[in-house]
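Student: The file below is work-v8.cif, mmCIF, C-alpha atoms and all ligand atoms:
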data_run
#
loop_
_atom_site.label_atom_id
_atom_site.label_comp_id
_atom_site.auth_asym_id
_atom_site.auth_seq_id
_atom_site.Cartn_x
_atom_site.Cartn_y
_atom_site.Cartn_z
CA MET A 475 63.43 147.31 130.50
CA ASN A 476 62.98 149.80 127.70
CA THR A 477 59.27 149.86 126.98
CA THR A 478 59.24 152.60 124.33
CA LYS A 479 57.79 151.20 121.19
CA ARG A 480 60.43 150.81 118.52
CA LYS A 481 59.80 151.04 114.85
CA ILE A 482 60.10 147.63 113.21
CA THR A 483 62.42 147.30 110.22
CA HIS A 484 61.43 144.43 107.96
CA ALA A 485 64.23 142.68 106.09
CA ALA A 486 64.16 139.85 103.54
CA VAL A 487 67.01 137.41 104.00
CA GLY A 488 68.17 134.73 101.55
CA VAL A 489 69.71 131.44 102.61
CA ILE A 490 71.22 130.55 99.25
CA GLN A 491 71.82 126.83 99.50
CA ARG A 492 73.76 124.60 97.11
CA GLU A 493 72.82 120.96 96.56
CA ASP A 494 75.55 119.86 98.97
CA GLY A 495 73.89 121.96 101.70
CA TRP A 496 76.50 124.73 101.84
CA VAL A 497 75.15 128.28 102.16
CA LEU A 498 76.40 131.64 100.91
CA LEU A 499 77.47 134.27 103.44
CA ALA A 500 78.51 137.87 102.82
CA GLU A 501 80.63 140.24 104.86
CA ARG A 502 79.05 143.66 105.40
CA PRO A 503 81.26 146.15 103.57
CA VAL A 504 82.98 149.22 105.05
CA GLY A 505 80.60 152.17 105.13
CA LYS A 506 77.52 150.17 106.16
CA PRO A 507 76.40 149.74 109.79
CA TRP A 508 77.86 146.57 111.33
CA ALA A 509 80.70 146.57 108.78
CA GLY A 510 82.86 143.44 109.01
CA TYR A 511 80.01 141.29 110.34
CA TRP A 512 78.85 138.28 108.31
CA GLU A 513 75.26 137.86 107.17
CA PHE A 514 73.06 136.20 104.62
CA PRO A 515 72.56 138.37 101.54
CA GLY A 516 69.35 140.42 101.64
CA GLY A 517 68.07 143.77 102.76
CA LYS A 518 65.23 145.98 103.82
CA VAL A 519 61.72 145.49 102.51
CA GLU A 520 60.66 148.70 100.80
CA GLU A 521 57.26 150.35 100.85
CA GLY A 522 54.78 148.42 98.69
CA GLU A 523 56.95 145.29 98.41
CA THR A 524 56.32 141.81 99.76
CA PRO A 525 59.32 140.23 101.52
CA GLN A 526 59.67 137.83 98.60
CA GLN A 527 59.80 140.68 96.06
CA ALA A 528 62.31 142.49 98.25
CA LEU A 529 64.54 139.42 98.38
CA LYS A 530 64.55 139.02 94.61
CA ARG A 531 65.47 142.68 94.16
CA GLU A 532 68.18 142.59 96.82
CA LEU A 533 69.82 139.44 95.44
CA GLN A 534 69.88 140.98 91.99
CA GLU A 535 71.40 144.22 93.36
CA GLU A 536 73.89 142.69 95.79
CA LEU A 537 74.92 139.50 93.95
CA GLY A 538 73.71 139.82 90.35
CA ILE A 539 71.66 136.63 90.50
CA ALA A 540 68.04 135.98 89.52
CA VAL A 541 66.14 133.78 91.96
CA ALA A 542 64.58 130.81 90.14
CA SER A 543 63.22 128.78 93.06
CA LEU A 544 62.73 129.56 96.74
CA TYR A 545 60.86 128.38 99.84
CA PRO A 546 59.52 130.57 102.65
CA TRP A 547 61.26 129.54 105.88
CA LEU A 548 61.49 131.22 109.33
CA THR A 549 60.49 134.69 110.50
CA ARG A 550 62.42 136.03 113.48
CA SER A 551 62.37 139.35 115.34
CA PHE A 552 65.47 140.69 117.03
CA ASP A 553 66.08 143.78 119.19
CA TYR A 554 69.33 145.49 118.30
CA GLU A 555 70.78 147.85 120.90
CA ALA A 556 72.44 151.04 119.67
CA LYS A 557 75.97 150.35 118.42
CA TYR A 558 78.88 152.83 118.59
CA ASP A 559 82.18 152.64 116.75
CA ALA A 560 85.68 152.91 118.29
CA THR A 561 85.57 156.72 118.18
CA GLY A 562 82.20 156.86 119.99
CA GLN A 563 80.20 157.72 116.87
CA LEU A 564 76.78 156.10 116.48
CA ASP A 565 77.21 153.22 114.00
CA SER A 566 73.63 151.95 114.16
CA PRO A 567 70.66 153.11 116.30
CA ALA A 568 68.63 150.80 118.55
CA LYS A 569 65.99 149.05 116.46
CA THR A 570 63.83 145.99 116.15
CA VAL A 571 64.29 144.02 112.95
CA LYS A 572 61.93 141.42 111.66
CA LEU A 573 63.80 139.02 109.42
CA HIS A 574 61.88 137.10 106.78
CA PHE A 575 64.07 134.14 105.84
CA PHE A 576 63.78 132.27 102.55
CA ILE A 577 65.71 129.25 101.34
CA VAL A 578 66.85 129.82 97.77
CA THR A 579 67.54 126.54 95.98
CA LYS A 580 67.84 127.64 92.33
CA TRP A 581 69.19 130.82 90.75
CA ASP A 582 70.56 132.07 87.46
CA GLY A 583 74.02 133.58 87.36
CA GLU A 584 77.10 133.19 89.57
CA PRO A 585 76.92 135.25 92.80
CA ARG A 586 79.37 138.21 92.79
CA GLY A 587 79.95 140.81 95.50
CA LEU A 588 78.54 143.81 93.62
CA GLU A 589 78.76 146.04 96.72
CA ASN A 590 82.39 145.14 97.41
CA GLN A 591 81.34 142.55 99.96
CA GLN A 592 83.34 139.36 100.47
CA LEU A 593 81.41 136.17 99.74
CA VAL A 594 82.02 132.69 101.07
CA TRP A 595 80.27 129.29 100.90
CA GLN A 596 80.05 127.51 104.26
CA PRO A 597 78.55 124.28 105.66
CA PRO A 598 75.79 125.33 108.15
CA GLU A 599 76.96 122.88 110.82
CA ASN A 600 80.51 124.26 110.80
CA ILE A 601 80.69 127.99 110.04
CA GLU A 602 84.23 129.30 110.00
CA VAL A 603 83.71 133.02 109.43
CA SER A 604 83.01 135.48 112.25
CA PRO A 605 81.70 137.67 113.71
CA MET A 606 78.15 136.88 112.63
CA LEU A 607 75.31 139.44 112.89
CA PRO A 608 73.94 138.63 116.37
CA ALA A 609 70.38 137.91 115.19
CA ASN A 610 71.66 135.01 113.10
CA ALA A 611 73.03 132.74 115.82
CA PRO A 612 70.07 130.30 116.03
CA ILE A 613 69.75 130.13 112.27
CA PHE A 614 72.67 127.77 111.74
CA ALA A 615 71.32 125.30 114.29
CA ALA A 616 68.01 125.32 112.42
CA LEU A 617 69.74 124.86 109.06
CA SER A 618 71.64 121.88 110.47
CA LEU A 619 68.40 119.95 111.05
CA PRO A 620 67.76 117.42 108.26
CA SER A 621 64.67 117.59 106.01
CA ASN A 622 63.50 114.07 106.85
CA TYR A 623 62.74 112.97 110.39
CA ALA A 624 61.59 109.43 111.25
CA ILE A 625 59.53 108.26 114.25
CA THR A 626 59.93 104.64 115.34
CA ASN A 627 57.12 102.18 114.69
CA LEU A 628 58.21 99.11 116.59
CA SER A 629 54.70 98.13 117.70
CA GLU A 630 53.54 97.64 114.11
CA LEU A 631 56.72 96.18 112.59
CA GLY A 632 58.07 93.99 115.37
CA GLU A 633 61.71 93.94 116.31
CA ASP A 634 63.30 91.99 113.45
CA LEU A 635 61.63 93.96 110.71
CA PHE A 636 62.14 97.29 112.49
CA PHE A 637 65.89 96.82 112.84
CA GLU A 638 66.19 95.59 109.27
CA ARG A 639 64.41 98.73 108.03
CA LEU A 640 66.37 100.99 110.35
CA LYS A 641 69.62 99.76 108.86
CA ILE A 642 68.31 100.44 105.34
CA SER A 643 67.12 103.93 106.31
CA LEU A 644 70.46 104.81 107.86
CA ASP A 645 72.26 103.53 104.76
CA ASN A 646 69.94 105.75 102.70
CA GLY A 647 70.89 108.87 104.68
CA LEU A 648 68.45 109.10 107.62
CA LYS A 649 69.97 111.67 110.04
CA MET A 650 67.33 112.13 112.75
CA LEU A 651 64.89 109.83 114.49
CA GLN A 652 62.60 109.84 117.48
CA LEU A 653 62.03 106.85 119.72
CA ARG A 654 58.35 106.77 120.61
CA GLU A 655 57.08 103.46 121.96
CA LYS A 656 54.42 104.08 124.59
CA GLN A 657 53.55 100.38 124.89
CA LEU A 658 56.99 99.38 126.18
CA SER A 659 57.94 99.06 129.85
CA ASN A 660 60.83 101.20 131.02
CA GLN A 661 63.14 98.19 130.93
CA ALA A 662 62.09 97.11 127.44
CA PHE A 663 62.33 100.68 126.16
CA GLN A 664 65.82 101.03 127.58
CA THR A 665 67.00 97.88 125.81
CA PHE A 666 65.38 98.95 122.55
CA ALA A 667 66.83 102.46 122.78
CA GLU A 668 70.35 101.25 123.47
CA ARG A 669 70.24 99.06 120.39
CA VAL A 670 69.00 101.93 118.19
CA ILE A 671 71.60 104.35 119.56
CA GLN A 672 74.35 101.83 118.91
CA LEU A 673 73.22 101.33 115.31
CA ALA A 674 72.77 105.04 114.61
CA LYS A 675 76.10 106.15 116.05
CA PRO A 676 78.43 105.45 113.09
CA TYR A 677 75.99 107.32 110.82
CA LYS A 678 76.02 110.40 113.12
CA ALA A 679 72.22 110.27 113.11
CA LYS A 680 70.56 112.21 115.95
CA VAL A 681 68.40 110.09 118.24
CA LEU A 682 65.73 111.80 120.34
CA ILE A 683 63.29 110.24 122.76
CA ASN A 684 59.65 111.10 123.21
CA SER A 685 58.80 112.66 126.58
CA GLY A 686 56.31 109.80 127.12
CA ASN A 687 59.29 107.45 127.36
CA GLN A 688 61.50 109.88 129.22
CA SER A 689 61.44 108.16 132.60
CA ALA A 690 63.33 105.26 131.06
CA SER A 691 65.98 107.44 129.63
CA ALA A 692 68.15 108.95 132.33
CA ALA A 693 70.97 106.55 131.55
CA LEU A 694 70.68 106.84 127.78
CA ASN A 695 73.05 108.87 125.70
CA VAL A 696 70.48 110.58 123.46
CA ALA A 697 70.82 113.78 121.45
CA GLY A 698 67.59 115.21 122.80
CA ILE A 699 63.98 115.05 123.91
CA HIS A 700 60.82 115.43 121.91
CA PHE A 701 57.95 116.71 124.09
CA ASN A 702 54.41 115.65 123.33
CA SER A 703 51.96 118.57 123.33
CA THR A 704 50.75 117.93 126.89
CA ASP A 705 54.29 117.88 128.27
CA LEU A 706 55.20 120.92 126.14
CA MET A 707 52.47 122.99 127.80
CA GLN A 708 53.82 122.03 131.25
CA LEU A 709 57.35 123.00 130.32
CA GLN A 710 58.65 126.24 131.88
CA ALA A 711 62.12 126.39 130.36
CA LYS A 712 64.07 124.65 127.64
CA PRO A 713 66.30 121.92 129.09
CA VAL A 714 69.90 122.96 128.55
CA GLY A 715 72.51 121.07 126.61
CA MET A 716 70.26 118.94 124.45
CA LEU A 717 68.27 119.14 121.28
CA CYS A 718 64.67 119.85 122.17
CA GLY A 719 61.53 119.61 120.03
CA ALA A 720 57.78 119.40 120.54
CA SER A 721 54.53 118.25 118.97
CA CYS A 722 52.01 121.02 118.27
CA HIS A 723 48.46 120.93 116.94
CA ASN A 724 47.31 124.55 117.31
CA ALA A 725 48.42 128.18 117.58
CA GLU A 726 48.59 128.18 121.38
CA GLN A 727 51.02 125.27 121.48
CA LEU A 728 53.10 126.80 118.68
CA ALA A 729 53.32 130.08 120.60
CA HIS A 730 54.43 128.33 123.79
CA ALA A 731 57.14 126.41 121.93
CA ALA A 732 58.39 129.64 120.33
CA ALA A 733 58.43 131.44 123.70
CA LEU A 734 60.57 128.63 125.15
CA GLY A 735 62.95 128.94 122.19
CA ILE A 736 63.18 125.21 121.58
CA ASP A 737 64.93 123.84 118.51
CA TYR A 738 62.03 122.70 116.29
CA VAL A 739 58.37 121.70 116.32
CA MET A 740 56.23 119.15 114.52
CA LEU A 741 52.82 120.41 113.41
CA SER A 742 50.13 117.79 112.83
CA PRO A 743 48.05 116.23 111.45
CA VAL A 744 48.52 117.70 108.00
CA LYS A 745 46.69 114.83 106.31
CA ALA A 746 44.49 112.03 107.62
CA THR A 747 46.62 109.32 109.20
CA ARG A 748 46.13 105.71 110.17
CA SER A 749 47.86 106.26 113.51
CA HIS A 750 45.43 109.07 114.56
CA PRO A 751 42.20 108.32 112.64
CA ASP A 752 39.94 110.53 114.79
CA GLU A 753 41.83 113.78 114.34
CA GLU A 754 40.67 116.34 111.82
CA PRO A 755 43.51 117.03 109.36
CA LEU A 756 44.77 120.62 109.04
CA GLY A 757 45.37 120.54 105.29
CA TRP A 758 48.20 122.49 103.67
CA SER A 759 46.57 125.92 103.67
CA GLN A 760 45.79 125.89 107.41
CA PHE A 761 49.26 124.46 108.06
CA ALA A 762 50.79 127.37 106.14
CA ASN A 763 48.60 129.93 107.93
CA LEU A 764 49.56 128.65 111.37
CA ILE A 765 53.29 129.03 110.64
CA SER A 766 53.31 132.01 108.27
CA ASP A 767 54.98 134.22 110.91
CA TYR A 768 56.79 131.59 112.94
CA ALA A 769 60.32 131.64 114.35
CA LEU A 770 61.11 127.92 114.72
CA PRO A 771 61.73 125.27 112.07
CA VAL A 772 58.58 123.17 111.55
CA TYR A 773 58.27 119.56 110.48
CA ALA A 774 54.98 118.65 108.78
CA LEU A 775 53.56 115.44 110.25
CA GLY A 776 50.52 113.32 109.48
CA GLY A 777 50.24 111.19 106.35
CA MET A 778 53.61 112.41 105.01
CA ARG A 779 55.58 110.37 102.49
CA PRO A 780 59.00 111.29 101.03
CA PRO A 781 57.53 112.84 97.82
CA ASP A 782 55.57 115.32 100.00
CA LEU A 783 58.77 117.18 100.96
CA HIS A 784 58.57 119.77 98.18
CA GLU A 785 54.94 120.59 98.96
CA ALA A 786 55.72 120.83 102.68
CA LYS A 787 58.57 123.27 102.04
CA SER A 788 56.39 125.31 99.69
CA HIS A 789 54.04 125.81 102.66
CA GLY A 790 56.80 126.99 104.99
CA ALA A 791 57.88 123.69 106.54
CA HIS A 792 61.52 122.96 107.27
CA GLY A 793 60.92 119.29 106.48
CA ILE A 794 58.66 116.30 106.94
CA ALA A 795 58.31 113.83 109.81
CA MET A 796 57.15 110.32 109.10
CA LEU A 797 55.98 107.42 111.20
CA ARG A 798 54.64 104.53 109.06
CA SER A 799 56.07 105.65 105.73
CA ALA A 800 59.59 106.11 107.13
CA TRP A 801 59.87 102.33 107.35
CA LEU A 802 58.27 101.10 104.13
CA SER A 803 60.36 98.70 102.13
CA GLU A 804 60.51 100.35 98.68
N1 LIG B 1 70.82 141.08 104.93
C1 LIG B 1 70.76 140.65 106.18
N2 LIG B 1 70.31 141.47 107.16
C2 LIG B 1 70.30 140.99 108.39
C3 LIG B 1 70.71 139.65 108.71
N3 LIG B 1 70.60 139.47 110.04
C4 LIG B 1 70.16 140.64 110.57
O1 LIG B 1 69.96 140.88 111.73
N4 LIG B 1 69.96 141.58 109.55
C5 LIG B 1 69.47 142.95 109.75
C6 LIG B 1 70.56 143.98 109.52
C7 LIG B 1 69.78 145.16 109.01
O2 LIG B 1 69.23 145.86 110.12
C8 LIG B 1 68.63 144.55 108.24
C9 LIG B 1 68.92 144.43 106.76
O3 LIG B 1 69.52 145.58 106.34
P1 LIG B 1 70.63 145.78 105.21
O4 LIG B 1 71.68 146.63 105.77
O5 LIG B 1 71.03 144.50 104.54
O6 LIG B 1 69.72 146.62 104.23
P2 LIG B 1 69.91 146.93 102.71
O7 LIG B 1 70.61 145.83 102.02
O8 LIG B 1 68.52 147.31 102.26
O9 LIG B 1 70.93 148.11 102.63
P3 LIG B 1 71.05 149.57 103.21
O10 LIG B 1 69.68 150.03 103.56
O11 LIG B 1 71.95 149.41 104.38
O12 LIG B 1 71.71 150.30 102.10
O13 LIG B 1 68.46 143.24 108.81
C10 LIG B 1 71.17 138.83 107.68
O14 LIG B 1 71.56 137.66 107.84
N5 LIG B 1 71.17 139.36 106.42
MG MG B 2 71.79 144.16 102.48
#
Would you write the structure of this file as structure tokens?
Ligand SMILES: Nc1nc2c([nH]c(=O)n2[C@H]2C[C@H](O)[C@@H](COP(=O)(O)OP(=O)(O)OP(=O)(O)O)O2)c(=O)[nH]1
Ligand SMILES: [Mg+2]
Tutor:
Amino acid sequence: MNTTKRKITHAAVGVIQREDGWVLLAERPVGKPWAGYWEFPGGKVEEGETPQQALKRELQEELGIAVASLYPWLTRSFDYEAKYDATGQLDSPAKTVKLHFFIVTKWDGEPRGLENQQLVWQPPENIEVSPMLPANAPIFAALSLPSNYAITNLSELGEDLFFERLKISLDNGLKMLQLREKQLSNQAFQTFAERVIQLAKPYKAKVLINSGNQSASAALNVAGIHFNSTDLMQLQAKPVGMLCGASCHNAEQLAHAAALGIDYVMLSPVKATRSHPDEEPLGWSQFANLISDYALPVYALGGMRPPDLHEAKSHGAHGIAMLRSAWLSE
């Protein structure tokens, strides 16, 4: 392993996202390192700039747009090896880049390729341009996760009401839910889970199961597993071939989840909740501090209701996870 300390290049990267979810990609023009590779618009953070200031400048320079609204999102480091062109000339030296991603939701002006770069709008779950800058591979998986994530609450609602509400939620666009029912026997959980999976299937909603119910699940066709924080800390490697998330409550758990490279975390409790009345809430500022330099998408959990989404995103969250309020009738 190369242990020489590399200089870190900071870059500000803009995920410019339309209301339909499609994002803007640019092809690096001839004459720049990694020419022909696709990327999100953005560029290097200059001396004395914050990443957010750098992004606004870069999007003005590269696309001629003025950012009107943005959310801080992920921060990821990536080690680039030296790259040589076909004639053996150095195209780009070995370096470590730290990418500060933002999601840009409003802007003034129509994006144009002011540096002769090709531009294209793409749906994150089905990108058709390639090659992509190698650091960006996990970004599209993260972008494909929905903003709202529901956790089942069968024990409080009872079966009839739960399935009635589930149907309504799916009709209203719910795309991801976690089955978490510690009180159920393996057999009862299995029956419950099969019914949920069946209902969710035509909506293409992702169904995950909590690791506390995992023993019941071998036969179930679920999209993934959600590890509680105790099981997360026991985990040595990310299970392959499935979506994988975890509950975190502190910096140590967040760091372990990031080291495993799982797909998302939930950080809680943001606010006081009825389900966990004894836990001290983090509040938004501590929530934001814990994830200010974090590589994975984070769902805020604990007292969240749908109108909290904007505030959650303003504090760096990818979205919100809800237990009780996911199933309210209004
Ligand atoms: N803009 C952008 N840069 C990315 C992405 N992914 C990724 O690894 N990078 C790396 C490539 C570069 O090392 C660095 C950003 O540099 P850049 O070439 O865009 O810098 P810049 O716009 O300031 O332009 P210049 O210095 O090349 O003239 O971050 C991405 O999606 N977008
Ligand atoms: Mg650039």
Student: Tell me, as a VMD selection string, which residues lie within 10 Å of Met716 of chain A, counting all atoms listed in the file; anything in the same chain fewer than 5 positions away does not count.
Tutor: chain A and resid 682 696 to 699 736 to 737
Student: Output C-alpha atoms for every residue in that selection, as a PDB file, keeping the file's coordinate frame.
Tutor:
ATOM      1  CA  LEU A 682      65.730 111.800 120.340  1.00  0.00           C
ATOM      2  CA  VAL A 696      70.480 110.580 123.460  1.00  0.00           C
ATOM      3  CA  ALA A 697      70.820 113.780 121.450  1.00  0.00           C
ATOM      4  CA  GLY A 698      67.590 115.210 122.800  1.00  0.00           C
ATOM      5  CA  ILE A 699      63.980 115.050 123.910  1.00  0.00           C
ATOM      6  CA  ILE A 736      63.180 125.210 121.580  1.00  0.00           C
ATOM      7  CA  ASP A 737      64.930 123.840 118.510  1.00  0.00           C
TER       8      ASP A 737
END
Student: From the options A:Val578, A:Ile601, A:Ala609, A:Ala509, which residue's atoms come nearest to ligand LIG 1 (chain B), counting all atoms listed in the file?
Tutor: A:Ala609
Student: Any residue with an atom at most 8 Å from ligand LIG 1 (chain B) counts, using only C-alpha atoms and all ligand atoms. Which are they? Put them as a list in words.
Tutor: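 Residues lying within 8 Å of ligand LIG 1 (chain B): Thr483, His484, Ala485, Ala486, Val487, Gly488, Arg502, Lys506, Pro507, Trp508, Trp512, Glu513, Phe514, Pro515, Gly516, Gly517, Lys518, Val519, Glu532, Glu536, Phe552, Lys569, Val571, Lys572, Leu573, Leu607, Pro608, Ala609 and Asn610 of chain A.
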Student: I need the chosen residues saved as a short mmCIF file (atom, residue, chain, number, x, y, z; two decimals), in the coordinates of the input, with C-alpha atoms.
Tutor:
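Written out: part-v3.cif:
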data_model
loop_
_atom_site.label_atom_id
_atom_site.label_comp_id
_atom_site.auth_asym_id
_atom_site.auth_seq_id
_atom_site.Cartn_x
_atom_site.Cartn_y
_atom_site.Cartn_z
CA THR A 483 62.42 147.30 110.22
CA HIS A 484 61.43 144.43 107.96
CA ALA A 485 64.23 142.68 106.09
CA ALA A 486 64.16 139.85 103.54
CA VAL A 487 67.01 137.41 104.00
CA GLY A 488 68.17 134.73 101.55
CA ARG A 502 79.05 143.66 105.40
CA LYS A 506 77.52 150.17 106.16
CA PRO A 507 76.40 149.74 109.79
CA TRP A 508 77.86 146.57 111.33
CA TRP A 512 78.85 138.28 108.31
CA GLU A 513 75.26 137.86 107.17
CA PHE A 514 73.06 136.20 104.62
CA PRO A 515 72.56 138.37 101.54
CA GLY A 516 69.35 140.42 101.64
CA GLY A 517 68.07 143.77 102.76
CA LYS A 518 65.23 145.98 103.82
CA VAL A 519 61.72 145.49 102.51
CA GLU A 532 68.18 142.59 96.82
CA GLU A 536 73.89 142.69 95.79
CA PHE A 552 65.47 140.69 117.03
CA LYS A 569 65.99 149.05 116.46
CA VAL A 571 64.29 144.02 112.95
CA LYS A 572 61.93 141.42 111.66
CA LEU A 573 63.80 139.02 109.42
CA LEU A 607 75.31 139.44 112.89
CA PRO A 608 73.94 138.63 116.37
CA ALA A 609 70.38 137.91 115.19
CA ASN A 610 71.66 135.01 113.10
#
Student: So the first atom is atom CA of Asp752 of chain A and the second is atom CA of Ala662 of chain A; what is the distance between them in Å, to one decimal place?
Tutor: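 We find that atom CA of Asp752 of chain A and atom CA of Ala662 of chain A lie 28.8 Å from each other.
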Student: Can you pull out the residues contacting Ser543 of chain A? Cut-off 12 Å, using all atoms listed in the file, and skip same-chain residues under 6 positions away; I want them as a ChimeraX atom specification.
Tutor: /A:488-491,526,529-530,576-582,784,787-788
Student: Excluding His789 of chain A and its own-chain neighbours fewer than 5 positions away, which residues fall within 12 Å of it when counting only C-alpha atoms? Please give them as JSON, numbers by chain.
Tutor: {"A": [544, 545, 546, 547, 548, 576, 744, 757, 758, 759, 760, 761, 762, 763, 764, 765, 766, 767, 772, 773, 774, 782, 783, 784, 794]}
Student: What would the file be for segment 737-787 of chain A if you keep C-alpha atoms and write it as a PDB file, in the first residue's frame?
Tutor:
ATOM      1  CA  ASP A 737     -26.276   1.931   1.594  1.00  0.00           C
ATOM      2  CA  TYR A 738     -27.812   4.343   4.128  1.00  0.00           C
ATOM      3  CA  VAL A 739     -28.205   5.035   7.835  1.00  0.00           C
ATOM      4  CA  MET A 740     -30.945   6.365  10.081  1.00  0.00           C
ATOM      5  CA  LEU A 741     -29.789   8.797  12.770  1.00  0.00           C
ATOM      6  CA  SER A 742     -32.037   9.175  15.817  1.00  0.00           C
ATOM      7  CA  PRO A 743     -33.714  10.458  17.854  1.00  0.00           C
ATOM      8  CA  VAL A 744     -33.844  13.908  16.314  1.00  0.00           C
ATOM      9  CA  LYS A 745     -36.878  14.936  18.365  1.00  0.00           C
ATOM     10  CA  ALA A 746     -38.576  13.425  21.406  1.00  0.00           C
ATOM     11  CA  THR A 747     -40.687  10.440  20.376  1.00  0.00           C
ATOM     12  CA  ARG A 748     -43.487   8.450  21.914  1.00  0.00           C
ATOM     13  CA  SER A 749     -41.873   5.163  20.874  1.00  0.00           C
ATOM     14  CA  HIS A 750     -38.583   5.932  22.726  1.00  0.00           C
ATOM     15  CA  PRO A 751     -39.595   8.327  25.543  1.00  0.00           C
ATOM     16  CA  ASP A 752     -36.421   7.854  27.619  1.00  0.00           C
ATOM     17  CA  GLU A 753     -33.922   8.842  24.957  1.00  0.00           C
ATOM     18  CA  GLU A 754     -32.458  12.330  24.901  1.00  0.00           C
ATOM     19  CA  PRO A 755     -33.225  13.928  21.513  1.00  0.00           C
ATOM     20  CA  LEU A 756     -30.271  15.113  19.393  1.00  0.00           C
ATOM     21  CA  GLY A 757     -31.943  18.246  18.028  1.00  0.00           C
ATOM     22  CA  TRP A 758     -31.222  19.542  14.531  1.00  0.00           C
ATOM     23  CA  SER A 759     -27.897  21.224  15.255  1.00  0.00           C
ATOM     24  CA  GLN A 760     -26.304  18.121  16.808  1.00  0.00           C
ATOM     25  CA  PHE A 761     -27.809  16.026  14.011  1.00  0.00           C
ATOM     26  CA  ALA A 762     -26.162  18.309  11.445  1.00  0.00           C
ATOM     27  CA  ASN A 763     -22.825  18.264  13.297  1.00  0.00           C
ATOM     28  CA  LEU A 764     -22.723  14.476  13.436  1.00  0.00           C
ATOM     29  CA  ILE A 765     -23.182  14.165   9.655  1.00  0.00           C
ATOM     30  CA  SER A 766     -21.442  17.312   8.412  1.00  0.00           C
ATOM     31  CA  ASP A 767     -18.607  15.262   6.872  1.00  0.00           C
ATOM     32  CA  TYR A 768     -20.416  11.996   6.231  1.00  0.00           C
ATOM     33  CA  ALA A 769     -20.280   9.726   3.193  1.00  0.00           C
ATOM     34  CA  LEU A 770     -23.602   7.856   3.414  1.00  0.00           C
ATOM     35  CA  PRO A 771     -27.154   9.092   2.879  1.00  0.00           C
ATOM     36  CA  VAL A 772     -28.835   9.733   6.253  1.00  0.00           C
ATOM     37  CA  TYR A 773     -32.494   9.505   7.179  1.00  0.00           C
ATOM     38  CA  ALA A 774     -33.551  11.652  10.139  1.00  0.00           C
ATOM     39  CA  LEU A 775     -35.669   9.632  12.577  1.00  0.00           C
ATOM     40  CA  GLY A 776     -37.486  10.461  15.789  1.00  0.00           C
ATOM     41  CA  GLY A 777     -40.636  12.570  15.881  1.00  0.00           C
ATOM     42  CA  MET A 778     -40.534  13.205  12.115  1.00  0.00           C
ATOM     43  CA  ARG A 779     -43.662  14.152  10.187  1.00  0.00           C
ATOM     44  CA  PRO A 780     -43.890  14.773   6.418  1.00  0.00           C
ATOM     45  CA  PRO A 781     -43.589  18.597   6.738  1.00  0.00           C
ATOM     46  CA  ASP A 782     -40.189  18.112   8.473  1.00  0.00           C
ATOM     47  CA  LEU A 783     -38.562  16.978   5.210  1.00  0.00           C
ATOM     48  CA  HIS A 784     -37.312  20.418   4.184  1.00  0.00           C
ATOM     49  CA  GLU A 785     -35.758  21.085   7.589  1.00  0.00           C
ATOM     50  CA  ALA A 786     -34.148  17.633   7.599  1.00  0.00           C
ATOM     51  CA  LYS A 787     -32.582  18.224   4.180  1.00  0.00           C
TER      52      LYS A 787
END
